[in-house]
Amino acid sequence: MKISIKIIVILIVSIPKFGFADVELNSLFSNRMVIQRNAEIPIWGWADPNEKVEVLTSWGEHATAITNTDGTWRLDIKTPKAGGPHKITVSGKNTIEITDVLSGDIWLCAGQSNMDFSMSKFVKNSRDPKDQPLVEYIRNEVATVNDDWIRHIEVQPTSSLSEKKLNFDDQWRKAKPEQIGKISATGYFFAKAVREQVNVPIGLLECALGGTRIQPWLSEATYMADPNMKAYFEASRKKSNEIIERVSVENYVDTTFTAKFKAWEAGGKKTPKPYPSTHPSLDKQLPATLYNGMLSAIMPFKIKGVLWYQGESNSHFLEEEYRDYFTALIKSWRADWNQEDLPFYWMQLANYEVPDKRSDLGWASVNNQLRQSLKLPHTGMAVLYDIGEAKDVHPHNKMDAGKRLALWALKNDYNVEVSAVSGPLYYSHKIKRNKIQITFSEVGEGLIVGHKHLLNPVSEVKNQPLKWFEIKGKDGEWYPAQAKIISKNKVEVWSEEGLMPVAVRYAWSSNPEGANLYNNHGLPASVFLTE
């Protein structure tokens, strides 16, 4: 089988250029949009060079701008308190009316598939029958939802090696039965939990893509600012350029793929089917490609904060460096939006049974590094290992996931009194002979042994031991350990073999089924490794 690949160059016009007489806007500025309330927000677009552009709002704001020589323009307007609907009129040689505008809070929903998957993905039957009640709940939610003040728009999947895209193609939709199928499930249940407590419109701006690592979501400038990350970026780009040069020759044949395909056929097609290598211009995993292709298209749209759900694809790729990349991403995005205290809330990865040991340990390592990243200010994290599905990497219980993440926003950003925002977090430890005592923060009124079943509240379980604690011996090996709660905020851990402990870890697996340490408010303890 001969595989021939021809490279066809397609000129993609991502923004209006010279010769476009009409004023045009970024797709964010369209009917049914949500604008960030009580703020000064940018509005931008394109028109003829030196054209006068005027913006008039129904709440009384008025501003003008003169288009730059490259056809771009931007102006800033003040927004009203929460409410609507409002209207924004943009005029140049033509007039655009943006109607049904709400003033509320914009939450950027970013990450990979567990953020990207829409409500329609979760109405299919579950892989494990015991999770089917979650499907039925979501089906009912889709059929009965009726909240005009939850809205959503999505940046379409776009990878770009170098060009920063400046626009995208989508429209705002509402949380109504006929439209909710396309709304991020994680984002929706976060918004629903917020809306149950505060009467503020919520706009979900989704910029997520399934299967992606963290590396493509950082900018080139961020890579250049760190020596180690810079070396990774430059090595990746060098390899990409070599591939592009190689495949650009006329009548190029992918001999490696051809050999693998023939071997697959000769072997009776019993192994996974091989596929040709992805051209670098289309590779969503390369550093900075999704920052260029997707995130750049929505900057500098004013936002309230960021919701992040990603890490599964890093359980087996640079997993021990995840914290470095994640903290760099948070800091750089805050700089990009010129909001030093931009709220940034994320999910730990839900439990899932991965097929290999590296991913199993990497999953736990990523979760631990997500916990460590809480040292950055204005951050928060929801723990999910008790509401995942061993047989499905996309668990249906986005309801509790959204509620847990919303606790941080309700307390920090909406001044709502909540009983707790987090489950127990590792604080410190002390070795006492052959035992280790672990001290936790975020314990509420005290630690408990708990049990979580579907959407039911966590129930306290008496006379049951703590599970999923492990001790590291002086030989460097990890061993199952015994553990018990000894005070409001302490757990004592030991080995029945009498090992002299060096360290402790908890829920250190991709699927720590039965991990049962909670606080009395029903929030699970985070995955952790003593430091």
# chains A, B, ... in the order shown; residues from 1 in each chain; ligands from 1

call {"tool": "select_by_dssp", "arguments": {"residues": "range 227-474 of chain A", "states": "strand (DSSP E)", "output": "ChimeraX atom specification"}}
result
/A:252-253,305-309,344-347,379-382,425-432,435-441,447-451,459-460,469-473

call {"tool": "write_last_selection", "arguments": {"atoms": "C-alpha atoms", "output": "PDB file, in the first residue's frame"}}
result
ATOM      1  CA  TYR A 252       6.356  12.351  -0.452  1.00  0.00           C
ATOM      2  CA  VAL A 253       5.655   8.856   0.876  1.00  0.00           C
ATOM      3  CA  GLY A 305     -12.211  34.231  36.316  1.00  0.00           C
ATOM      4  CA  VAL A 306     -10.968  30.915  34.943  1.00  0.00           C
ATOM      5  CA  LEU A 307     -12.260  27.366  35.435  1.00  0.00           C
ATOM      6  CA  TRP A 308      -9.702  24.680  34.505  1.00  0.00           C
ATOM      7  CA  TYR A 309     -10.187  20.925  34.064  1.00  0.00           C
ATOM      8  CA  PHE A 344      -8.359  30.604  38.935  1.00  0.00           C
ATOM      9  CA  TYR A 345     -10.221  27.464  40.059  1.00  0.00           C
ATOM     10  CA  TRP A 346      -9.609  23.905  38.918  1.00  0.00           C
ATOM     11  CA  MET A 347     -10.569  20.267  39.280  1.00  0.00           C
ATOM     12  CA  THR A 379      -6.864  29.866  43.518  1.00  0.00           C
ATOM     13  CA  GLY A 380      -9.119  26.964  44.480  1.00  0.00           C
ATOM     14  CA  MET A 381      -9.527  23.258  43.750  1.00  0.00           C
ATOM     15  CA  ALA A 382     -12.315  20.675  43.760  1.00  0.00           C
ATOM     16  CA  LEU A 425      -5.671  19.512  52.683  1.00  0.00           C
ATOM     17  CA  TYR A 426      -2.292  18.191  53.801  1.00  0.00           C
ATOM     18  CA  TYR A 427      -0.623  20.781  56.041  1.00  0.00           C
ATOM     19  CA  SER A 428       2.289  19.124  57.821  1.00  0.00           C
ATOM     20  CA  HIS A 429       3.558  15.866  59.309  1.00  0.00           C
ATOM     21  CA  LYS A 430       5.601  14.647  62.262  1.00  0.00           C
ATOM     22  CA  ILE A 431       7.362  11.298  62.563  1.00  0.00           C
ATOM     23  CA  LYS A 432       7.016   9.662  65.986  1.00  0.00           C
ATOM     24  CA  LYS A 435       4.274   6.290  63.116  1.00  0.00           C
ATOM     25  CA  ILE A 436       3.580   9.478  61.207  1.00  0.00           C
ATOM     26  CA  GLN A 437       1.010  12.036  62.314  1.00  0.00           C
ATOM     27  CA  ILE A 438      -0.514  14.080  59.494  1.00  0.00           C
ATOM     28  CA  THR A 439      -2.046  17.485  60.201  1.00  0.00           C
ATOM     29  CA  PHE A 440      -4.718  18.833  57.834  1.00  0.00           C
ATOM     30  CA  SER A 441      -6.223  22.228  57.122  1.00  0.00           C
ATOM     31  CA  LEU A 447     -12.318  14.810  60.058  1.00  0.00           C
ATOM     32  CA  ILE A 448     -14.613  11.862  59.377  1.00  0.00           C
ATOM     33  CA  VAL A 449     -14.630   8.506  57.616  1.00  0.00           C
ATOM     34  CA  GLY A 450     -17.236   9.001  54.903  1.00  0.00           C
ATOM     35  CA  HIS A 451     -19.032   7.332  52.012  1.00  0.00           C
ATOM     36  CA  SER A 459     -22.595   9.984  55.009  1.00  0.00           C
ATOM     37  CA  GLU A 460     -20.339   9.396  57.999  1.00  0.00           C
ATOM     38  CA  PHE A 469      -2.895   5.430  53.015  1.00  0.00           C
ATOM     39  CA  GLU A 470       0.607   4.194  52.166  1.00  0.00           C
ATOM     40  CA  ILE A 471       3.955   4.473  53.945  1.00  0.00           C
ATOM     41  CA  LYS A 472       7.355   4.770  52.326  1.00  0.00           C
ATOM     42  CA  GLY A 473      10.017   2.783  54.143  1.00  0.00           C
TER      43      GLY A 473
END

call {"tool": "residues_around", "arguments": {"residues": "Thr69 in chain A", "least_positions_apart": "5", "cutoff": "9 Å", "atoms": "only C-alpha atoms", "output": "PyMOL selection string"}}
result
chain A and resi 48-50

call {"tool": "atom_distance", "arguments": {"atom1": "CA of Phe257 in chain A", "atom2": "CA of Lys284 in chain A"}}
result
19.9 Å

call {"tool": "residues_around", "arguments": {"residues": "Asp386 in chain A", "least_positions_apart": "4", "cutoff": "8 Å", "atoms": "only C-alpha atoms", "output": "list in words"}}
result
Ala350, Asn351, Lys452, Glu513, Gly514, Ala515 and Pro524 of chain A

call {"tool": "closest_residue", "arguments": {"among": "A:Lys238, A:Asn292, A:Lys176, A:Ser126", "to": "Lys391 in chain A", "atoms": "only C-alpha atoms"}}
result
A:Ser126

call {"tool": "select_by_dssp", "arguments": {"residues": "range 72-312 of chain A", "states": "alpha helix (DSSP H)", "output": "PyMOL selection string"}}
result
chain A and resi 113-116+132-144+185-195+220-224+227-247+255-266+289-293

call {"tool": "atom_distance", "arguments": {"atom1": "CA of Lys262 in chain A", "atom2": "CA of Ser248 in chain A"}}
result
23.8 Å

call {"tool": "atom_distance", "arguments": {"atom1": "CA of Lys270 in chain A", "atom2": "CA of Ser359 in chain A"}}
result
23.9 Å

call {"tool": "closest_residue", "arguments": {"among": "A:Gly187, A:Pro395, A:Pro501, A:Gly210", "to": "Gln132 in chain A", "atoms": "only C-alpha atoms"}}
result
A:Pro395

call {"tool": "residues_around", "arguments": {"residues": "Arg237 in chain A", "least_positions_apart": "5", "cutoff": "9 Å", "atoms": "only C-alpha atoms", "output": "ChimeraX atom specification"}}
result
/A:161,232,242,286-287

call {"tool": "residues_around", "arguments": {"residues": "Asp336 in chain A", "least_positions_apart": "4", "cutoff": "8 Å", "atoms": "only C-alpha atoms", "output": "JSON, numbers by chain"}}
result
{"A": [299, 300, 332]}

call {"tool": "write_last_selection", "arguments": {"atoms": "all heavy atoms", "output": "compact mmCIF listing (two decimals), in the first residue's frame"}}
result
# COMPACT_ATOMS: atom_id res chain seq x y z
N MET A 299 -8.77 37.13 23.41
CA MET A 299 -8.12 38.17 24.20
C MET A 299 -8.31 39.52 23.53
O MET A 299 -8.24 39.61 22.30
CB MET A 299 -6.62 37.86 24.34
CG MET A 299 -6.33 36.67 25.23
SD MET A 299 -4.54 36.40 25.36
CE MET A 299 -4.51 35.00 26.46
N PRO A 300 -8.56 40.58 24.29
CA PRO A 300 -8.55 40.70 25.75
C PRO A 300 -9.96 40.78 26.35
O PRO A 300 -10.23 41.65 27.19
CB PRO A 300 -7.80 42.00 25.95
CG PRO A 300 -8.29 42.85 24.78
CD PRO A 300 -8.55 41.90 23.65
N SER A 332 0.92 33.50 33.55
CA SER A 332 0.96 34.14 32.23
C SER A 332 -0.43 34.55 31.77
O SER A 332 -0.59 35.61 31.16
CB SER A 332 1.60 33.20 31.21
OG SER A 332 0.82 32.03 31.02

call {"tool": "residues_around", "arguments": {"residues": "range 272-276 of chain A", "least_positions_apart": "4", "cutoff": "8 Å", "atoms": "only C-alpha atoms", "output": "PyMOL selection string"}}
result
chain A and resi 254+257+260-261+264

call {"tool": "residues_around", "arguments": {"residues": "Lys78 in chain A", "least_positions_apart": "5", "cutoff": "10 Å", "atoms": "only C-alpha atoms", "output": "list in words"}}
result
Gln36, Arg37, Asn38, Ala39, Glu40, Ile41, Pro42, Thr57, Trp59, Gly60, Glu61, His62 and Ala63 of chain A

call {"tool": "closest_residue", "arguments": {"among": "A:Pro157, A:Gly446, A:Gly293, A:Gly71", "to": "Leu218 in chain A", "atoms": "only C-alpha atoms"}}
result
A:Gly293

call {"tool": "closest_residue", "arguments": {"among": "A:Ala409, A:Ala401, A:Leu455, A:Val502", "to": "Gln197 in chain A", "atoms": "only C-alpha atoms"}}
result
A:Ala409
